[in-house]
Structures are given as C-alpha cells and as structure tokens.
file target_18.csv (CSV, C-alpha atoms (C1' of nucleotides))
chain,number,residue,atom,x,y,z
Q,992,MET,CA,69.0,140.0,131.2
Q,993,LEU,CA,68.2,137.8,128.3
Q,994,SER,CA,68.0,134.1,128.7
Q,995,THR,CA,70.1,131.8,126.6
Q,996,SER,CA,66.9,130.8,124.8
Q,997,ALA,CA,66.2,134.4,124.0
Q,998,LYS,CA,69.7,134.9,122.6
Q,999,TYR,CA,69.3,131.8,120.5
Q,1000,ALA,CA,66.0,133.2,119.2
Q,1001,MET,CA,67.5,136.6,118.5
Q,1002,LYS,CA,70.3,135.1,116.5
Q,1003,ALA,CA,68.0,132.8,114.6
Q,1004,VAL,CA,65.5,135.5,113.7
Q,1005,LEU,CA,68.3,137.8,112.5
Q,1006,PHE,CA,69.7,135.0,110.5
Q,1007,LEU,CA,66.4,134.3,108.9
Q,1008,ALA,CA,65.8,138.0,108.3
Q,1009,LEU,CA,69.0,138.1,106.3
Q,1010,HIS,CA,68.5,134.9,104.3
Q,1011,THR,CA,64.8,134.3,103.8
Q,1012,ASP,CA,61.6,135.9,102.6
Q,1013,ALA,CA,58.2,134.6,101.5
Q,1014,LYS,CA,59.7,133.1,98.4
Q,1015,SER,CA,62.8,131.4,99.9
Q,1016,LYS,CA,62.5,129.5,103.1
Q,1017,MET,CA,65.0,127.7,105.2
Q,1018,MET,CA,64.7,124.5,107.2
Q,1019,VAL,CA,66.0,124.1,110.7
Q,1020,LYS,CA,68.8,121.9,109.6
Q,1021,ASP,CA,70.1,124.6,107.4
Q,1022,VAL,CA,70.1,127.1,110.1
Q,1023,TYR,CA,71.3,125.5,113.4
Q,1024,ASP,CA,74.9,125.1,112.5
Q,1025,ARG,CA,75.2,128.5,111.0
Q,1026,ILE,CA,74.2,130.2,114.2
Q,1027,ASN,CA,75.6,127.6,116.6
Q,1028,VAL,CA,72.4,126.5,118.3
Q,1029,PRO,CA,71.4,122.9,119.1
Q,1030,GLN,CA,69.2,121.6,116.3
Q,1031,SER,CA,66.3,120.3,118.3
Q,1032,TYR,CA,66.2,123.2,120.6
Q,1033,LEU,CA,66.3,125.6,117.8
Q,1034,ALA,CA,63.3,123.8,116.2
Q,1035,LYS,CA,61.3,124.3,119.4
Q,1036,LEU,CA,62.2,128.0,119.6
Q,1037,LEU,CA,61.2,128.6,116.0
Q,1038,GLN,CA,57.9,126.8,116.5
Q,1039,GLU,CA,57.2,129.1,119.5
Q,1040,LEU,CA,58.2,132.2,117.5
Q,1041,SER,CA,56.0,131.0,114.6
Q,1042,LYS,CA,53.1,130.3,116.9
Q,1043,HIS,CA,53.2,133.9,118.0
Q,1044,ASP,CA,53.6,135.3,114.5
Q,1045,VAL,CA,57.1,136.6,115.0
Q,1046,ILE,CA,58.3,134.4,112.2
Q,1047,SER,CA,56.4,132.4,109.5
Q,1048,SER,CA,56.5,128.8,108.5
Q,1049,ALA,CA,55.3,126.4,105.9
Q,1050,ARG,CA,55.0,122.6,106.3
Q,1051,GLY,CA,55.8,120.0,103.7
Q,1052,PRO,CA,58.2,119.8,100.8
Q,1053,LYS,CA,59.7,123.2,99.9
Q,1054,GLY,CA,58.6,124.3,103.3
Q,1055,GLY,CA,60.6,125.8,106.1
Q,1056,PHE,CA,60.8,128.9,108.2
Q,1057,PHE,CA,61.0,132.5,106.9
Q,1058,LEU,CA,60.3,136.1,107.7
Q,1059,SER,CA,57.5,137.8,105.8
Q,1060,ASP,CA,57.8,141.5,105.2
Q,1061,GLN,CA,55.3,141.9,108.0
Q,1062,ASN,CA,57.5,139.9,110.4
Q,1063,LYS,CA,60.5,142.0,109.5
Q,1064,ASN,CA,58.8,145.1,110.6
Q,1065,LEU,CA,58.3,143.9,114.1
Q,1066,PRO,CA,60.4,145.5,116.9
Q,1067,LEU,CA,63.2,143.3,118.3
Q,1068,ILE,CA,61.5,143.3,121.7
Q,1069,LYS,CA,58.9,140.9,120.3
Q,1070,ILE,CA,61.4,138.2,120.0
Q,1071,VAL,CA,62.4,138.6,123.6
Q,1072,GLU,CA,58.8,138.8,124.9
Q,1073,VAL,CA,57.8,135.6,123.2
Q,1074,ILE,CA,60.7,133.6,124.6
Q,1075,ASP,CA,61.3,135.2,128.0
Q,1076,GLY,CA,57.9,136.7,128.7
Q,1077,GLU,CA,57.2,140.3,129.4
Q,1078,GLN,CA,58.5,140.4,132.9
Q,1079,ARG,CA,62.0,139.0,132.9
Q,1080,LEU,CA,63.7,141.9,131.1
Q,1081,ARG,CA,61.7,144.6,132.9
Q,1082,SER,CA,61.9,143.4,136.5
Q,1083,CYS,CA,63.8,145.5,138.9
Q,1084,MET,CA,67.5,144.6,139.2
Q,1085,LEU,CA,67.1,143.5,142.8
Q,1086,SER,CA,63.6,142.2,142.4
Q,1087,ILE,CA,62.5,144.8,144.9
Q,1088,HIS,CA,58.7,145.1,144.8
Q,1089,GLU,CA,58.4,148.7,145.8
Q,1090,CYS,CA,60.9,149.8,143.1
Q,1091,ASP,CA,60.0,151.1,139.7
Q,1092,ASN,CA,60.7,154.1,137.6
Q,1093,GLU,CA,58.5,156.4,139.7
Q,1094,ASN,CA,59.9,155.3,143.0
Q,1095,PRO,CA,63.4,154.1,142.2
Q,1096,CYS,CA,65.6,152.3,144.7
Q,1097,ALA,CA,69.2,153.3,145.4
Q,1098,LEU,CA,70.5,151.0,142.8
Q,1099,HIS,CA,68.0,152.0,140.2
Q,1100,ASP,CA,70.0,154.8,138.8
Q,1101,LEU,CA,73.0,152.6,138.4
Q,1102,VAL,CA,71.2,149.8,136.9
Q,1103,GLY,CA,67.7,150.3,135.8
Q,1104,ASN,CA,68.8,153.2,133.8
Q,1105,ALA,CA,71.1,151.2,131.6
Q,1106,ASN,CA,68.4,148.6,131.3
Q,1107,SER,CA,65.8,151.1,130.3
Q,1108,ILE,CA,68.0,152.3,127.5
Q,1109,PHE,CA,68.4,148.7,126.3
Q,1110,ILE,CA,64.7,148.0,126.4
Q,1111,LYS,CA,63.9,151.3,124.6
Q,1112,ASN,CA,66.3,150.3,121.9
Q,1113,LEU,CA,64.7,146.9,121.5
Q,1114,GLU,CA,61.3,148.5,121.3
Q,1115,GLU,CA,62.2,151.1,118.8
Q,1116,THR,CA,64.3,149.1,116.4
Q,1117,THR,CA,62.7,146.8,113.9
Q,1118,ILE,CA,64.3,143.6,112.7
Q,1119,LEU,CA,64.4,145.2,109.2
Q,1120,GLU,CA,66.2,148.3,110.4
Q,1121,LEU,CA,68.9,146.2,112.2
Q,1122,ILE,CA,69.6,144.0,109.2
Q,1123,ALA,CA,69.5,146.9,106.8
Q,1124,ASP,CA,72.7,148.3,108.3
Q,1125,VAL,CA,74.3,144.8,108.0
Q,1126,LYS,CA,73.3,144.6,104.4
Q,1127,ASP,CA,74.7,148.1,103.7
Q,1128,GLY,CA,77.9,147.0,105.3
Q,1129,LYS,CA,77.5,149.5,108.1
Q,1130,SER,CA,77.6,146.9,110.8
Q,1131,VAL,CA,78.5,143.2,111.2
Q,1132,LEU,CA,76.5,140.2,112.4
Q,1133,PRO,CA,79.0,137.4,112.8
Q,1134,LEU,CA,76.4,134.9,114.0
F,648,MET,CA,72.2,140.0,133.5
F,649,LEU,CA,72.5,139.3,137.2
F,650,SER,CA,71.6,135.9,138.5
F,651,THR,CA,69.1,135.6,141.3
F,652,SER,CA,71.9,134.6,143.5
F,653,ALA,CA,73.8,137.8,142.7
F,654,LYS,CA,70.7,139.9,143.4
F,655,TYR,CA,70.4,138.2,146.8
F,656,ALA,CA,74.1,138.8,147.5
F,657,MET,CA,73.7,142.5,146.5
F,658,LYS,CA,70.8,143.0,148.8
F,659,ALA,CA,72.5,141.2,151.7
F,660,VAL,CA,75.7,143.2,151.4
F,661,LEU,CA,73.9,146.5,151.2
F,662,PHE,CA,71.8,145.5,154.2
F,663,LEU,CA,74.9,144.5,156.1
F,664,ALA,CA,76.6,147.7,155.0
F,665,LEU,CA,73.8,149.7,156.6
F,666,HIS,CA,73.5,147.8,159.8
F,667,THR,CA,76.9,146.4,160.7
F,668,ASP,CA,80.5,147.2,161.3
F,669,ALA,CA,83.5,145.6,163.0
F,670,LYS,CA,81.9,146.2,166.4
F,671,SER,CA,78.3,145.1,165.7
F,672,LYS,CA,77.8,142.0,163.7
F,673,MET,CA,74.6,140.2,162.5
F,674,MET,CA,73.7,136.6,162.2
F,675,VAL,CA,72.2,135.1,159.2
F,676,LYS,CA,68.9,134.5,161.0
F,677,ASP,CA,68.6,138.2,161.7
F,678,VAL,CA,69.2,139.1,158.1
F,679,TYR,CA,67.3,136.7,155.9
F,680,ASP,CA,63.7,137.8,156.6
F,681,ARG,CA,64.6,141.5,156.4
F,682,ILE,CA,65.8,141.1,152.8
F,683,ASN,CA,63.5,138.3,151.8
F,684,VAL,CA,66.0,135.7,150.9
F,685,PRO,CA,65.8,132.0,151.9
F,686,GLN,CA,67.8,131.5,155.1
F,687,SER,CA,70.0,128.6,154.2
F,688,TYR,CA,70.6,129.9,150.8
F,689,LEU,CA,71.7,133.2,152.2
F,690,ALA,CA,74.0,131.5,154.5
F,691,LYS,CA,75.7,129.9,151.6
F,692,LEU,CA,76.1,133.2,149.7
F,693,LEU,CA,77.4,135.0,152.7
F,694,GLN,CA,80.0,132.2,153.3
F,695,GLU,CA,81.1,132.6,149.7
F,696,LEU,CA,81.3,136.4,150.0
F,697,SER,CA,83.3,136.0,153.2
F,698,LYS,CA,85.6,133.5,151.7
F,699,HIS,CA,86.5,136.1,149.0
F,700,ASP,CA,86.9,138.9,151.5
F,701,VAL,CA,83.9,140.9,150.2
F,702,ILE,CA,82.4,140.7,153.7
F,703,SER,CA,83.8,139.7,157.0
F,704,SER,CA,82.7,137.1,159.6
F,705,ALA,CA,83.4,135.8,163.1
F,706,ARG,CA,82.5,132.4,164.4
F,707,GLY,CA,81.2,131.5,167.8
F,708,PRO,CA,79.2,133.4,170.3
F,709,LYS,CA,78.9,137.1,169.6
F,710,GLY,CA,79.9,136.2,166.0
F,711,GLY,CA,78.2,136.9,162.8
F,712,PHE,CA,78.7,138.6,159.5
F,713,PHE,CA,79.7,142.3,159.1
F,714,LEU,CA,81.3,144.7,156.8
F,715,SER,CA,84.7,146.2,157.8
F,716,ASP,CA,85.6,149.6,156.6
F,717,GLN,CA,87.8,147.9,154.1
F,718,ASN,CA,84.9,145.9,152.8
F,719,LYS,CA,82.8,149.0,152.5
F,720,ASN,CA,85.3,150.5,150.2
F,721,LEU,CA,85.0,147.8,147.6
F,722,PRO,CA,83.3,148.5,144.4
F,723,LEU,CA,79.9,146.9,143.9
F,724,ILE,CA,81.2,144.9,141.0
F,725,LYS,CA,83.1,142.7,143.4
F,726,ILE,CA,79.8,141.3,144.8
F,727,VAL,CA,78.7,140.3,141.4
F,728,GLU,CA,82.0,138.8,140.4
F,729,VAL,CA,82.3,136.6,143.4
F,730,ILE,CA,78.8,135.2,142.9
F,731,ASP,CA,78.4,135.1,139.1
F,732,GLY,CA,82.0,135.0,138.0
F,733,GLU,CA,83.7,137.6,135.8
F,734,GLN,CA,82.3,136.4,132.5
F,735,ARG,CA,78.5,136.3,132.9
F,736,LEU,CA,77.9,140.1,133.1
F,737,ARG,CA,80.4,140.9,130.5
F,738,SER,CA,79.7,138.3,127.9
F,739,CYS,CA,78.3,139.6,124.6
F,740,MET,CA,74.5,139.8,124.5
F,741,LEU,CA,74.3,137.1,121.8
F,742,SER,CA,77.3,135.2,123.1
F,743,ILE,CA,79.0,135.9,119.8
F,744,HIS,CA,82.7,135.1,120.0
F,745,GLU,CA,84.0,137.6,117.6
F,746,CYS,CA,82.1,140.4,119.3
F,747,ASP,CA,83.6,142.8,121.8
F,748,ASN,CA,84.0,146.5,122.3
F,749,GLU,CA,86.7,146.8,119.6
F,750,ASN,CA,84.8,144.8,117.1
F,751,PRO,CA,81.1,145.2,117.9
F,752,CYS,CA,78.4,143.2,116.3
F,753,ALA,CA,75.2,144.8,115.0
F,754,LEU,CA,73.4,144.4,118.3
F,755,HIS,CA,76.3,145.7,120.3
F,756,ASP,CA,75.3,149.3,120.1
F,757,LEU,CA,71.8,148.6,121.1
F,758,VAL,CA,72.7,146.3,123.9
F,759,GLY,CA,76.3,146.2,124.9
F,760,ASN,CA,76.3,149.9,125.3
F,761,ALA,CA,73.6,149.9,127.9
F,762,ASN,CA,75.4,147.0,129.6
F,763,SER,CA,78.7,148.8,129.5
F,764,ILE,CA,77.2,151.7,131.4
F,765,PHE,CA,75.9,149.4,134.0
F,766,ILE,CA,79.2,147.7,134.4
F,767,LYS,CA,81.0,151.0,134.6
F,768,ASN,CA,78.7,152.1,137.3
F,769,LEU,CA,79.2,149.0,139.3
F,770,GLU,CA,83.0,149.4,138.9
F,771,GLU,CA,83.1,153.0,139.9
F,772,THR,CA,80.7,153.0,142.8
F,773,THR,CA,81.7,151.6,146.2
F,774,ILE,CA,79.4,150.0,148.7
F,775,LEU,CA,80.1,153.0,151.0
F,776,GLU,CA,79.1,155.5,148.4
F,777,LEU,CA,75.9,153.8,147.7
F,778,ILE,CA,74.8,153.6,151.3
F,779,ALA,CA,76.0,157.0,152.1
F,780,ASP,CA,73.2,158.4,149.9
F,781,VAL,CA,70.7,156.2,151.7
F,782,LYS,CA,71.9,157.3,155.1
F,783,ASP,CA,71.6,160.9,153.9
F,784,GLY,CA,68.1,160.3,152.8
F,785,LYS,CA,69.0,161.0,149.2
F,786,SER,CA,67.9,157.6,148.0
F,787,VAL,CA,65.9,154.7,149.3
F,788,LEU,CA,66.8,151.0,149.7
F,789,PRO,CA,63.6,149.2,150.5
F,790,LEU,CA,65.2,145.8,150.7
Y,1113,DC,C1',46.1,109.2,95.5
Y,1114,DA,C1',50.6,107.8,97.4
Y,1115,DC,C1',54.8,109.4,98.9
Y,1116,DA,C1',58.3,112.2,100.7
Y,1117,DT,C1',59.3,116.2,103.3
Y,1118,DT,C1',59.0,119.3,106.7
Y,1119,DT,C1',56.8,121.7,110.7
Y,1120,DC,C1',54.1,120.8,114.9
Y,1121,DG,C1',53.2,118.9,119.6
Y,1122,DG,C1',53.9,116.1,123.4
Y,1123,DA,C1',56.8,113.5,126.3
Y,1124,DT,C1',61.1,112.9,128.3
Y,1125,DA,C1',66.0,113.7,129.6
Y,1126,DA,C1',70.0,116.2,131.2
Y,1127,DA,C1',72.1,120.1,133.2
Y,1128,DA,C1',72.3,124.1,135.9
Y,1129,DA,C1',70.5,127.1,139.3
Y,1130,DT,C1',68.3,127.4,143.6
Y,1131,DA,C1',67.3,125.8,148.1
Y,1132,DT,C1',67.6,122.8,152.3
Y,1133,DC,C1',69.6,119.9,155.9
Y,1134,DT,C1',73.2,118.0,158.7
Y,1135,DT,C1',77.6,117.8,160.5
Y,1136,DT,C1',82.0,120.0,161.7
Y,1137,DT,C1',84.9,123.7,163.2
Y,1138,DT,C1',85.8,127.8,165.8
Y,1139,DA,C1',85.5,130.9,169.5
Y,1140,DG,C1',83.6,133.1,173.5
Y,1141,DT,C1',82.1,132.4,178.4
Y,1142,DA,C1',80.9,130.4,182.8
A,343,DT,C1',87.5,122.7,180.9
A,344,DA,C1',82.8,122.1,179.5
A,345,DC,C1',79.2,124.3,177.2
A,346,DT,C1',77.0,127.0,173.9
A,347,DA,C1',76.7,129.9,169.9
A,348,DA,C1',77.8,130.8,165.5
A,349,DA,C1',79.9,130.3,160.8
A,350,DA,C1',82.0,126.7,157.5
A,351,DA,C1',81.6,122.7,154.8
A,352,DG,C1',79.5,118.9,152.7
A,353,DA,C1',75.7,116.2,151.1
A,354,DT,C1',71.3,116.2,149.1
A,355,DA,C1',66.8,117.8,147.3
A,356,DT,C1',63.9,120.7,144.3
A,357,DT,C1',62.9,123.6,140.6
A,358,DT,C1',63.9,125.8,136.3
A,359,DT,C1',66.2,126.0,132.1
A,360,DT,C1',68.1,123.8,128.4
A,361,DA,C1',68.1,120.0,125.3
A,362,DT,C1',66.5,115.7,122.8
A,363,DC,C1',63.4,112.4,120.8
A,364,DC,C1',59.5,110.6,118.4
A,365,DG,C1',55.0,110.3,116.4
A,366,DA,C1',51.4,113.2,114.2
A,367,DA,C1',49.7,116.6,111.0
A,368,DA,C1',50.2,119.1,106.8
A,369,DT,C1',51.6,120.0,102.1
A,370,DG,C1',53.8,119.9,97.6
A,371,DT,C1',54.9,116.6,93.7
A,372,DG,C1',54.8,112.6,90.7
call {"tool": "encode", "arguments": {"input": "target_18.csv", "output": "structure tokens"}}
result
Amino acid sequence: MLSTSAKYAMKAVLFLALHTDAKSKMMVKDVYDRINVPQSYLAKLLQELSKHDVISSARGPKGGFFLSDQNKNLPLIKIVEVIDGEQRLRSCMLSIHECDNENPCALHDLVGNANSIFIKNLEETTILELIADVKDGKSVLPL
Amino acid sequence: MLSTSAKYAMKAVLFLALHTDAKSKMMVKDVYDRINVPQSYLAKLLQELSKHDVISSARGPKGGFFLSDQNKNLPLIKIVEVIDGEQRLRSCMLSIHECDNENPCALHDLVGNANSIFIKNLEETTILELIADVKDGKSVLPL
DNA sequence: CACATTTCGGATAAAAATATCTTTTTAGTA
DNA sequence: TACTAAAAAGATATTTTTATCCGAAATGTG
C-alpha cells in the first residue's frame, strides 16, 4: 500500500504542519527523533518533498523546513505521489493488467473497493484539514 | 499492503483452486506461465504454502500441487498470512505504536478503515466462495 | 566580506525482497 | 529393484528499498 518511505514522509509532513509556518522553521535534526525516522533518510525525503513543492525550505542560518499556507492546502495524496509515484497505490491488488474499475476482477470487490475509499480520502483531505482536527483535540497524532 | 510475493501466492492459489482437486494435480511448470509468475519463485511460494497446509502436494511421478476440499474452505487471509506474516497487513498505516482500532490516530479513519474492510473481506471469504462466482460466470479472474 | 549554519546533491553502503540454480528426497512404475 | 518424475531444501544471485556519508551551494549575521 504505502512504502515505508511514504509513511515516513507522511509523518514528517504532518509534524511540520503542526509545528511550522513561514515564520518558524525546523531543521531535520529537530524533527527526526520526534517522529522516529532515521535522520539522514528523513533529510533525503524532505529534500524530495521540497523539490516537488509539497513542503518549503530555506537554507542557511535560521533556515530549515516548513509548510507554507499553500503547502498546507495540498491534499494528502500529494505526499504519497511524490515519494511512491502515482502507480504504486493505484495498481490492481493482483497486478492484473486487464483489471480496473470498469472491468473488475474477482478480487476487485474485496480489495480494490477498500483501496478506492482510501485513495479517495487521501485525495479529498488536505493537510490543513487533518491537522485542524488534531489542534481542536478531535483526534490524536501520536507521531 | 500486499507484497508482490503475496500477490503471486494469491493468484497461484486461485488458479489451483479453479483447476485442481485431490484427483487432478498440477506441476509448477504448468502453472507459472498461466499466471505470469517466475517459475522458480513460484515453486518456492507453493512449497511454503504447502508447508503451512494452505495447499496440498504430492511428490514423485503423477505428483504436483493441488487444493483439497479442506484447502478450498480456508479463508483468503490464510494465503496472505503465510506469505507476509500476520503483522504486515494489519500494522498501522503510519506504523504508529500507540495506534490501533481502540485508540485510533488522526489518519486511522482515512486509512485504517479502508484497510479494515479489506481485511474483514479476506477473513470472511473462502477460496471456494471466491471461485464459485467465477465458475458461475458472475465474476472474472483473468490471471 | 568572512564565517557559521543549514539545505542540496551525488556517491555509496546495508538490508530486504525477489529470483534463480542445484542438489536431495520422495514416490510411482516398468 | 532400477529408473524417472516431481516436490523439498539449500545455496546463491540480482534488484529494489532503505539508509548513511560527505562535499557543494546558499544565506543570514557580525
């Protein structure tokens, strides 16, 4: 479903969404242990996300990574797509070529359905919306 | 979600379910190209499934792999559990320790939910039930 | 401008997953 | 019993994913 890398990325972005904005950035070294992701690997992932404008960054002193308001309005799916590509999440459960939503295989109802719901949720929920609930105490994000 | 290996295993078992029983077995070499899985790799997977009594086998001339009636009554989840282990499919989307169905994290509703449906379906559907629909022409299995 | 700080980019390493090959064991059959 | 066919088991190779390291580029600050 999601690669380990994508999970890391998701956690990191949500963490940054909660703790940063254009005026207060965070360095990799202040993030990695909070979300339990290897430091150097996290750095790479953040670079990648930054390169694709899912998150923002600033070099030099007082620099770091952060989420602009624009970033926060992106749907969650963007995080996954940058790290895992567009195919991985959407490919048929059994990697059957002939199988898609129009021409579903026997397993498609059991499987693809559940996956479709997930994808739809990722597409329709923005980073901001997700963390809003956390800030309001409606849900928890024990990263 | 499912590893490539688990997908291979799923395809192979469904194929065997459709084409074998205690009286007519199939050899690896008659299966692998039908479901598009590397021969030697498939052999390994079938051995593993056989070892865990998800499928049956007989050595020597006239031998091969097959699904007994008992095998066919197993829920689909067994195939996944033997190949991927019990954890992989069930682990929290973000691998967050504190997160489970009782104490869901912010993403759990978006994600875990869809996954729970999938798991439930795998648990509640037997191999036999799935292929029955295929045999009846109700669904397709273009392996 | 010099310096410290921090991301960026490239190269490399380690681990896990996937795949192949070879030998051994088992079982049917002439 | 000897032979052959097939799965089982073990060893090894390849590829992909995950992880680390290091020098280069950029930027704020004295």
call {"tool": "atom_distance", "arguments": {"input": "target_18.csv", "atom1": "atom CA of Q:Lys1129", "atom2": "atom CA of F:Cys752"}}
result
10.4 Å
call {"tool": "interface_residues", "arguments": {"input": "target_18.csv", "of": "chain Y", "to": "chain Q", "cutoff": "9 Å", "atoms": "all atoms listed in the file", "output": "VMD selection string"}}
result
chain Y and resid 1116 to 1120
call {"tool": "residues_around", "arguments": {"input": "target_18.csv", "residues": "Q:Val1073", "least_positions_apart": "2", "cutoff": "9 Å", "atoms": "all atoms listed in the file", "output": "compact mmCIF listing (two decimals) with C-alpha atoms, keeping the file's coordinate frame"}}
result
# COMPACT_ATOMS: atom_id res chain seq x y z
CA ALA Q 997 66.20 134.40 124.00
CA GLU Q 1039 57.20 129.10 119.50
CA LEU Q 1040 58.20 132.20 117.50
CA HIS Q 1043 53.20 133.90 118.00
CA VAL Q 1045 57.10 136.60 115.00
CA ILE Q 1068 61.50 143.30 121.70
CA LYS Q 1069 58.90 140.90 120.30
CA ILE Q 1070 61.40 138.20 120.00
CA VAL Q 1071 62.40 138.60 123.60
CA ASP Q 1075 61.30 135.20 128.00
CA GLY Q 1076 57.90 136.70 128.70
CA GLU Q 1077 57.20 140.30 129.40
call {"tool": "atom_distance", "arguments": {"input": "target_18.csv", "atom1": "atom C1' of Y:DG1122", "atom2": "atom C1' of A:DA361"}}
result
14.8 Å
call {"tool": "interface_residues", "arguments": {"input": "target_18.csv", "of": "chain A", "to": "chain F", "cutoff": "6 Å", "atoms": "all atoms listed in the file", "output": "PyMOL selection string"}}
result
chain A and resi 347-349
call {"tool": "residues_around", "arguments": {"input": "target_18.csv", "residues": "F:Lys782", "least_positions_apart": "5", "cutoff": "12 Å", "atoms": "only C-alpha atoms (C1' of nucleotides)", "output": "ChimeraX atom specification"}}
result
/Q:1097 /F:661-662,664-666,775-777,787-788
call {"tool": "atom_distance", "arguments": {"input": "target_18.csv", "atom1": "atom CA of Q:Leu1007", "atom2": "atom CA of F:Leu757"}}
result
19.6 Å
call {"tool": "closest_residue", "arguments": {"input": "target_18.csv", "among": "Q:Asp1021, Q:Asp1127, Q:Asn1104, Q:Lys1016", "to": "chain F", "atoms": "all atoms listed in the file"}}
result
Q:Asn1104
call {"tool": "residues_around", "arguments": {"input": "target_18.csv", "residues": "stretch 1123-1136 of chain Y", "least_positions_apart": "5", "cutoff": "12 Å", "atoms": "only C-alpha atoms (C1' of nucleotides)", "output": "ChimeraX atom specification"}}
result
/F:650-653,655,684-692,731 /A:349-365
call {"tool": "decode", "arguments": {"input": "target_18.csv", "residues": "stretch 1052-1066 of chain Q", "atoms": "N, CA and C atoms", "output": "PDB file, in the first residue's frame"}}
result
ATOM      1  N   PRO Q1052      21.624  29.942   7.973  1.00  0.00           N
ATOM      2  CA  PRO Q1052      21.230  30.181   9.364  1.00  0.00           C
ATOM      3  C   PRO Q1052      19.761  30.583   9.444  1.00  0.00           C
ATOM      4  N   LYS Q1053      19.101  30.132  10.464  1.00  0.00           N
ATOM      5  CA  LYS Q1053      17.666  30.397  10.646  1.00  0.00           C
ATOM      6  C   LYS Q1053      16.819  29.687   9.591  1.00  0.00           C
ATOM      7  N   GLY Q1054      17.488  28.849   8.830  1.00  0.00           N
ATOM      8  CA  GLY Q1054      16.754  28.129   7.802  1.00  0.00           C
ATOM      9  C   GLY Q1054      16.115  26.870   8.349  1.00  0.00           C
ATOM     10  N   GLY Q1055      15.647  26.053   7.440  1.00  0.00           N
ATOM     11  CA  GLY Q1055      15.011  24.810   7.834  1.00  0.00           C
ATOM     12  C   GLY Q1055      13.852  24.482   6.917  1.00  0.00           C
ATOM     13  N   PHE Q1056      13.104  23.475   7.300  1.00  0.00           N
ATOM     14  CA  PHE Q1056      11.924  23.108   6.521  1.00  0.00           C
ATOM     15  C   PHE Q1056      10.667  23.650   7.190  1.00  0.00           C
ATOM     16  N   PHE Q1057       9.679  23.933   6.376  1.00  0.00           N
ATOM     17  CA  PHE Q1057       8.402  24.402   6.931  1.00  0.00           C
ATOM     18  C   PHE Q1057       7.287  24.221   5.917  1.00  0.00           C
ATOM     19  N   LEU Q1058       6.069  24.365   6.393  1.00  0.00           N
ATOM     20  CA  LEU Q1058       4.916  24.306   5.488  1.00  0.00           C
ATOM     21  C   LEU Q1058       4.279  25.685   5.351  1.00  0.00           C
ATOM     22  N   SER Q1059       4.291  26.183   4.147  1.00  0.00           N
ATOM     23  CA  SER Q1059       3.599  27.441   3.865  1.00  0.00           C
ATOM     24  C   SER Q1059       2.094  27.183   3.889  1.00  0.00           C
ATOM     25  N   ASP Q1060       1.339  28.255   3.911  1.00  0.00           N
ATOM     26  CA  ASP Q1060      -0.120  28.093   3.876  1.00  0.00           C
ATOM     27  C   ASP Q1060      -0.533  27.334   2.619  1.00  0.00           C
ATOM     28  N   GLN Q1061       0.165  27.659   1.553  1.00  0.00           N
ATOM     29  CA  GLN Q1061      -0.105  26.976   0.287  1.00  0.00           C
ATOM     30  C   GLN Q1061       0.145  25.470   0.413  1.00  0.00           C
ATOM     31  N   ASN Q1062       1.275  25.134   0.988  1.00  0.00           N
ATOM     32  CA  ASN Q1062       1.598  23.728   1.210  1.00  0.00           C
ATOM     33  C   ASN Q1062       0.495  23.024   2.001  1.00  0.00           C
ATOM     34  N   LYS Q1063       0.030  23.702   3.027  1.00  0.00           N
ATOM     35  CA  LYS Q1063      -0.939  23.076   3.929  1.00  0.00           C
ATOM     36  C   LYS Q1063      -2.277  22.800   3.258  1.00  0.00           C
ATOM     37  N   ASN Q1064      -2.513  23.469   2.160  1.00  0.00           N
ATOM     38  CA  ASN Q1064      -3.770  23.245   1.455  1.00  0.00           C
ATOM     39  C   ASN Q1064      -3.697  22.133   0.421  1.00  0.00           C
ATOM     40  N   LEU Q1065      -2.544  21.486   0.352  1.00  0.00           N
ATOM     41  CA  LEU Q1065      -2.419  20.363  -0.583  1.00  0.00           C
ATOM     42  C   LEU Q1065      -3.139  19.135  -0.031  1.00  0.00           C
ATOM     43  N   PRO Q1066      -3.680  18.326  -0.929  1.00  0.00           N
ATOM     44  CA  PRO Q1066      -4.274  17.066  -0.461  1.00  0.00           C
ATOM     45  C   PRO Q1066      -3.188  16.083  -0.048  1.00  0.00           C
TER      46      PRO Q1066
END
